[in-house]
Structures are given as structure tokens and as C-alpha cells.
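Colleague: Pasting structure_29.pdb here (PDB, C-alpha atoms, pLDDT in the B column):
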```
ATOM      1  CA  MET D   1      96.089 103.229 131.161  1.00 48.00           C
ATOM      2  CA  SER D   2      95.080 101.833 127.813  1.00 50.00           C
ATOM      3  CA  ASP D   3      93.739  98.739 129.619  1.00 50.00           C
ATOM      4  CA  GLN D   4      91.381 100.934 131.621  1.00 53.00           C
ATOM      5  CA  GLN D   5      90.186 102.844 128.529  1.00 55.00           C
ATOM      6  CA  THR D   6      89.505  99.766 126.439  1.00 62.00           C
ATOM      7  CA  PRO D   7      86.715  98.439 128.566  1.00 70.00           C
ATOM      8  CA  MET D   8      85.192 101.941 128.772  1.00 70.00           C
ATOM      9  CA  SER D   9      85.317 102.473 124.997  1.00 68.00           C
ATOM     10  CA  GLN D  10      83.899  99.014 124.436  1.00 70.00           C
ATOM     11  CA  ARG D  11      81.089  99.800 126.857  1.00 70.00           C
ATOM     12  CA  LEU D  12      80.322 102.996 124.952  1.00 67.00           C
ATOM     13  CA  GLN D  13      80.370 101.107 121.666  1.00 69.00           C
ATOM     14  CA  ASP D  14      78.051  98.406 123.020  1.00 70.00           C
ATOM     15  CA  SER D  15      75.549 100.918 124.431  1.00 75.00           C
ATOM     16  CA  ALA D  16      75.586 103.202 121.373  1.00 76.00           C
ATOM     17  CA  PRO D  17      72.509 102.832 119.141  1.00 78.00           C
ATOM     18  CA  SER D  18      72.887 101.213 115.762  1.00 84.00           C
ATOM     19  CA  SER D  19      72.436 103.287 112.637  1.00 86.00           C
ATOM     20  CA  GLY D  20      68.973 101.750 112.038  1.00 86.00           C
ATOM     21  CA  GLN D  21      67.833 102.720 115.514  1.00 86.00           C
ATOM     22  CA  ALA D  22      69.163 106.257 115.040  1.00 88.00           C
ATOM     23  CA  ILE D  23      67.304 106.611 111.726  1.00 93.00           C
ATOM     24  CA  ARG D  24      64.058 105.359 113.324  1.00 90.00           C
ATOM     25  CA  PHE D  25      64.432 107.812 116.188  1.00 90.00           C
ATOM     26  CA  LEU D  26      65.129 110.764 113.883  1.00 92.00           C
ATOM     27  CA  THR D  27      62.189 109.839 111.654  1.00 93.00           C
ATOM     28  CA  ALA D  28      59.823 109.531 114.627  1.00 92.00           C
ATOM     29  CA  ALA D  29      61.068 112.801 116.122  1.00 93.00           C
ATOM     30  CA  THR D  30      60.651 114.619 112.794  1.00 95.00           C
ATOM     31  CA  ILE D  31      57.127 113.286 112.220  1.00 95.00           C
ATOM     32  CA  GLY D  32      56.169 114.012 115.843  1.00 93.00           C
ATOM     33  CA  GLY D  33      57.498 117.582 115.577  1.00 94.00           C
ATOM     34  CA  VAL D  34      55.622 118.220 112.323  1.00 95.00           C
ATOM     35  CA  LEU D  35      52.367 116.846 113.760  1.00 94.00           C
ATOM     36  CA  LEU D  36      52.808 118.909 116.928  1.00 95.00           C
ATOM     37  CA  GLY D  37      53.323 122.047 114.814  1.00 95.00           C
ATOM     38  CA  LEU D  38      50.221 121.242 112.728  1.00 95.00           C
ATOM     39  CA  SER D  39      48.107 120.722 115.860  1.00 96.00           C
ATOM     40  CA  GLY D  40      49.305 124.115 117.147  1.00 95.00           C
ATOM     41  CA  LEU D  41      48.330 125.776 113.870  1.00 96.00           C
ATOM     42  CA  THR D  42      44.932 124.053 113.969  1.00 96.00           C
ATOM     43  CA  LEU D  43      44.329 125.244 117.528  1.00 95.00           C
ATOM     44  CA  THR D  44      45.327 128.793 116.595  1.00 96.00           C
ATOM     45  CA  GLY D  45      43.049 128.752 113.535  1.00 95.00           C
ATOM     46  CA  THR D  46      40.156 127.412 115.607  1.00 95.00           C
ATOM     47  CA  VAL D  47      40.526 130.126 118.249  1.00 95.00           C
ATOM     48  CA  ILE D  48      40.752 132.882 115.616  1.00 97.00           C
ATOM     49  CA  SER D  49      37.709 131.492 113.773  1.00 94.00           C
ATOM     50  CA  LEU D  50      35.747 131.319 117.004  1.00 92.00           C
ATOM     51  CA  ILE D  51      36.631 134.934 117.818  1.00 95.00           C
ATOM     52  CA  ILE D  52      35.479 136.055 114.368  1.00 94.00           C
ATOM     53  CA  VAL D  53      32.293 133.953 114.267  1.00 92.00           C
ATOM     54  CA  THR D  54      31.091 134.604 117.849  1.00 91.00           C
ATOM     55  CA  PRO D  55      29.185 137.832 116.995  1.00 92.00           C
ATOM     56  CA  VAL D  56      27.456 136.073 114.094  1.00 89.00           C
ATOM     57  CA  LEU D  57      26.518 133.149 116.348  1.00 85.00           C
ATOM     58  CA  VAL D  58      25.103 135.536 118.958  1.00 89.00           C
ATOM     59  CA  LEU D  59      23.016 137.356 116.322  1.00 90.00           C
ATOM     60  CA  PHE D  60      21.653 134.163 114.765  1.00 88.00           C
ATOM     61  CA  SER D  61      21.308 132.119 117.958  1.00 87.00           C
ATOM     62  CA  PRO D  62      17.485 132.412 118.051  1.00 90.00           C
ATOM     63  CA  ILE D  63      17.462 130.582 114.717  1.00 90.00           C
ATOM     64  CA  LEU D  64      20.518 128.351 115.092  1.00 87.00           C
ATOM     65  CA  ILE D  65      19.685 126.829 118.479  1.00 89.00           C
ATOM     66  CA  PRO D  66      16.248 125.500 117.464  1.00 92.00           C
ATOM     67  CA  ALA D  67      17.711 124.400 114.136  1.00 92.00           C
ATOM     68  CA  GLY D  68      20.487 122.597 115.981  1.00 92.00           C
ATOM     69  CA  ILE D  69      17.967 120.918 118.270  1.00 94.00           C
ATOM     70  CA  VAL D  70      15.868 119.824 115.288  1.00 94.00           C
ATOM     71  CA  LEU D  71      18.959 118.572 113.485  1.00 95.00           C
ATOM     72  CA  PHE D  72      20.003 116.636 116.594  1.00 96.00           C
ATOM     73  CA  LEU D  73      16.542 115.082 116.998  1.00 96.00           C
ATOM     74  CA  VAL D  74      16.330 114.138 113.320  1.00 96.00           C
ATOM     75  CA  THR D  75      19.786 112.566 113.443  1.00 97.00           C
ATOM     76  CA  ALA D  76      18.951 110.716 116.653  1.00 97.00           C
ATOM     77  CA  GLY D  77      15.704 109.492 115.077  1.00 96.00           C
ATOM     78  CA  PHE D  78      17.456 108.156 111.995  1.00 97.00           C
ATOM     79  CA  LEU D  79      20.117 106.470 114.107  1.00 97.00           C
ATOM     80  CA  PHE D  80      17.470 104.916 116.357  1.00 97.00           C
ATOM     81  CA  ALA D  81      15.451 103.714 113.374  1.00 97.00           C
ATOM     82  CA  GLY D  82      18.577 102.216 111.830  1.00 96.00           C
ATOM     83  CA  ALA D  83      19.485 100.499 115.091  1.00 96.00           C
ATOM     84  CA  CYS D  84      15.963  99.069 115.361  1.00 96.00           C
ATOM     85  CA  GLY D  85      16.250  97.789 111.787  1.00 96.00           C
ATOM     86  CA  VAL D  86      19.568  96.110 112.530  1.00 96.00           C
ATOM     87  CA  ALA D  87      18.113  94.570 115.698  1.00 96.00           C
ATOM     88  CA  ALA D  88      15.105  93.291 113.740  1.00 96.00           C
ATOM     89  CA  LEU D  89      17.347  91.742 111.100  1.00 95.00           C
ATOM     90  CA  ALA D  90      19.455  90.101 113.792  1.00 94.00           C
ATOM     91  CA  ALA D  91      16.327  88.740 115.482  1.00 94.00           C
ATOM     92  CA  LEU D  92      14.974  87.409 112.179  1.00 95.00           C
ATOM     93  CA  ALA D  93      18.313  85.765 111.405  1.00 93.00           C
ATOM     94  CA  TRP D  94      18.314  84.147 114.855  1.00 91.00           C
ATOM     95  CA  ILE D  95      14.752  82.895 114.401  1.00 92.00           C
ATOM     96  CA  TYR D  96      15.610  81.521 110.946  1.00 92.00           C
ATOM     97  CA  ASN D  97      18.626  79.672 112.349  1.00 91.00           C
ATOM     98  CA  TYR D  98      16.531  78.345 115.240  1.00 88.00           C
ATOM     99  CA  VAL D  99      13.752  77.103 112.949  1.00 89.00           C
ATOM    100  CA  ALA D 100      16.319  75.612 110.564  1.00 88.00           C
ATOM    101  CA  GLY D 101      17.730  73.599 113.489  1.00 86.00           C
ATOM    102  CA  LYS D 102      21.156  75.233 113.563  1.00 89.00           C
ATOM    103  CA  HIS D 103      20.945  75.906 117.347  1.00 86.00           C
ATOM    104  CA  PRO D 104      21.945  79.599 117.572  1.00 88.00           C
ATOM    105  CA  PRO D 105      23.249  80.948 120.896  1.00 90.00           C
ATOM    106  CA  GLY D 106      20.543  80.951 123.548  1.00 87.00           C
ATOM    107  CA  SER D 107      18.378  78.290 121.922  1.00 85.00           C
ATOM    108  CA  GLU D 108      18.960  75.913 124.833  1.00 89.00           C
ATOM    109  CA  GLN D 109      17.565  78.495 127.230  1.00 91.00           C
ATOM    110  CA  LEU D 110      14.561  79.013 124.974  1.00 86.00           C
ATOM    111  CA  ASP D 111      13.907  75.272 124.808  1.00 87.00           C
ATOM    112  CA  TYR D 112      14.184  74.997 128.598  1.00 92.00           C
ATOM    113  CA  ALA D 113      11.752  77.891 129.077  1.00 92.00           C
ATOM    114  CA  ARG D 114       9.329  76.346 126.560  1.00 90.00           C
ATOM    115  CA  MET D 115       9.386  73.026 128.425  1.00 94.00           C
ATOM    116  CA  ARG D 116       8.737  74.736 131.763  1.00 95.00           C
ATOM    117  CA  ILE D 117       5.834  76.697 130.302  1.00 95.00           C
ATOM    118  CA  GLU D 118       4.365  73.519 128.823  1.00 95.00           C
ATOM    119  CA  SER D 119       4.587  71.700 132.157  1.00 95.00           C
ATOM    120  CA  LYS D 120       2.974  74.626 133.985  1.00 95.00           C
ATOM    121  CA  ALA D 121       0.209  74.739 131.364  1.00 94.00           C
ATOM    122  CA  ARG D 122      -0.470  71.024 131.912  1.00 95.00           C
ATOM    123  CA  ASP D 123      -0.609  71.596 135.677  1.00 95.00           C
ATOM    124  CA  VAL D 124      -3.039  74.492 135.269  1.00 95.00           C
ATOM    125  CA  LYS D 125      -5.187  72.410 132.921  1.00 95.00           C
ATOM    126  CA  GLU D 126      -5.368  69.566 135.448  1.00 94.00           C
ATOM    127  CA  ARG D 127      -6.214  71.943 138.277  1.00 95.00           C
ATOM    128  CA  ALA D 128      -8.935  73.550 136.167  1.00 93.00           C
ATOM    129  CA  LYS D 129     -10.444  70.129 135.422  1.00 94.00           C
ATOM    130  CA  ASP D 130     -10.374  69.224 139.107  1.00 93.00           C
ATOM    131  CA  TYR D 131     -11.959  72.522 140.064  1.00 93.00           C
ATOM    132  CA  GLY D 132     -14.609  72.084 137.357  1.00 91.00           C
ATOM    133  CA  ASN D 133     -15.433  68.617 138.670  1.00 91.00           C
ATOM    134  CA  GLN D 134     -15.725  69.965 142.221  1.00 91.00           C
ATOM    135  CA  VAL D 135     -18.050  72.752 141.106  1.00 90.00           C
ATOM    136  CA  GLN D 136     -20.140  70.310 139.113  1.00 88.00           C
ATOM    137  CA  GLN D 137     -20.488  68.016 142.124  1.00 88.00           C
ATOM    138  CA  LYS D 138     -21.519  70.909 144.343  1.00 86.00           C
ATOM    139  CA  THR D 139     -24.119  72.087 141.840  1.00 86.00           C
ATOM    140  CA  GLN D 140     -25.561  68.586 141.661  1.00 84.00           C
ATOM    141  CA  GLU D 141     -25.735  68.421 145.466  1.00 80.00           C
ATOM    142  CA  GLN D 142     -27.318  71.880 145.776  1.00 76.00           C
ATOM    143  CA  PRO D 143     -30.641  71.097 143.987  1.00 69.00           C
ATOM    144  CA  LYS D 144     -31.095  68.096 146.264  1.00 67.00           C
ATOM    145  CA  THR D 145     -30.764  70.246 149.349  1.00 64.00           C
ATOM    146  CA  GLN D 146     -33.081  72.865 147.855  1.00 65.00           C
ATOM    147  CA  GLU D 147     -35.690  70.174 147.094  1.00 67.00           C
ATOM    148  CA  GLN D 148     -35.399  68.905 150.638  1.00 68.00           C
ATOM    149  CA  GLN D 149     -35.927  72.410 151.984  1.00 68.00           C
ATOM    150  CA  LYS D 150     -39.002  72.879 149.762  1.00 68.00           C
ATOM    151  CA  THR D 151     -40.513  69.595 150.916  1.00 67.00           C
ATOM    152  CA  GLN D 152     -39.925  70.603 154.521  1.00 68.00           C
ATOM    153  CA  GLU D 153     -41.477  74.051 153.931  1.00 66.00           C
ATOM    154  CA  GLN D 154     -44.606  72.717 152.166  1.00 65.00           C
ATOM    155  CA  PRO D 155     -46.068  71.085 155.278  1.00 59.00           C
ATOM    156  CA  LYS D 156     -45.435  74.275 157.220  1.00 59.00           C
ATOM    157  CA  THR D 157     -47.243  76.396 154.640  1.00 58.00           C
ATOM    158  CA  GLN D 158     -50.128  73.940 154.599  1.00 59.00           C
ATOM    159  CA  GLU D 159     -50.323  74.115 158.394  1.00 57.00           C
ATOM    160  CA  ALA D 160     -50.260  77.906 158.264  1.00 56.00           C
ATOM    161  CA  SER D 161     -53.078  77.951 155.702  1.00 58.00           C
ATOM    162  CA  VAL D 162     -55.127  75.560 157.802  1.00 55.00           C
ATOM    163  CA  LYS D 163     -54.637  77.701 160.920  1.00 59.00           C
ATOM    164  CA  GLY D 164     -55.481  80.881 159.038  1.00 56.00           C
ATOM    165  CA  SER D 165     -58.837  79.526 157.779  1.00 55.00           C
TER
END
```
Could you write out this file's structure as C-alpha cells?
Modeller:
Amino acid sequence: MSDQQTPMSQRLQDSAPSSGQAIRFLTAATIGGVLLGLSGLTLTGTVISLIIVTPVLVLFSPILIPAGIVLFLVTAGFLFAGACGVAALAALAWIYNYVAGKHPPGSEQLDYARMRIESKARDVKERAKDYGNQVQQKTQEQPKTQEQQKTQEQPKTQEASVKGS
């Protein structure tokens, strides 16, 4: 019988927690219990305070609600202004690094876009020159045709004046 109990007692001894593990567990359980008790007290105090303050809030709500809205808008405005300032500083730092040649993130994309815009501008410039040349040629051809029409009309007007006399 002692042979059968030895393996069982050894199994219990092997599976039993060490003293360090037991101390850690007791410490965690104690701290968890204390924090749980404090959260319960906080909840109770909050509910009691809300019960006491509710009539005051109802009486002053015509003043407190607009004041709360104004306070919210002012806070949101300051936060937005601060965020815009941070964004501006970040943009200025990026531009400084780009101008200094340090190649900040995204500079390759900016260079690529700049090159594409330059090539498109050259294309537009060439097209505008071509169009200008075409218009100039047409305007030079137009007076010739108008002069030809006038010379053709002059004999007709002379004939009409001769017939009318």
C-alpha cells in the first residue's frame, strides 16, 4: 500500500504551488479585493451624489446647459487650434528637411509629381505656340481673301452706278 501512496503524494507535491507562487497569488487577491471594494464605494458615492444634486441640476439647467455648450465649444476650439498649430509645425519641419536635401518621407512622390507637372506644362506651351502660329497664318490669309472680295465687288458697283445713271 505504501507503494501506491508514494506516487500519489509525490504527484501532490509536484503539483503544489511553491511558496513564492502562493505569496504572489495572495498579494494579487488582496490588492484585487481592495480595489474592488474601493470601486464599489466610489459607485455608491456617485449614485448618492447624483441623487442629491439632481434637483439642483434641474433648477439650474437653463443656465448650465448653455454654459456647458459654450464650454464644450471653447474647448473644442482650443483643441482644434492646437492641432492646426502642430500640423503647421510638422509641415514646416517637413519643408525644411526637403529644402535641406534630407529627403523626408514622401519627397519622392513630390518630385515625381513636379516632373509630371513640368512635362505637362511644356506640352501645353508647345500646343499654345502651334495654335498661335495657326491663328496667325489664318489672319494673314483672311485679309487676302477680303481684298479679293473687294476687288471683285468694285466692278459690280461701278456697273450698278453706270446702269443707274
Colleague: Just the number, please: distance in Å from CA of Glu108 (chain D) to CA of Ile95 (chain D), one decimal.
Modeller: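 Atom-to-atom, CA of Glu108 (chain D) to CA of Ile95 (chain D), that is 13.2 Å.
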Colleague: For Ser107 (chain D), which residue out of D:Val124, D:Ile52, D:Trp94, D:Arg24 is the nearest one, using all atoms listed in the file?
Modeller: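 Comparing D:Val124, D:Ile52, D:Trp94, D:Arg24 against Ser107 (chain D), the winner is D:Trp94.
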Colleague: Using Å and a single decimal, report how far CA of Ile65 (chain D) sits from CA of Phe80 (chain D).
Modeller: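 Distance reported for this atom pair: 22.1 Å.
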Colleague: Separation of CA of His103 (chain D) and CA of Ala91 (chain D), in Å?
Modeller: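 Interatomic distance, CA of His103 (chain D) to CA of Ala91 (chain D): 13.8 Å.
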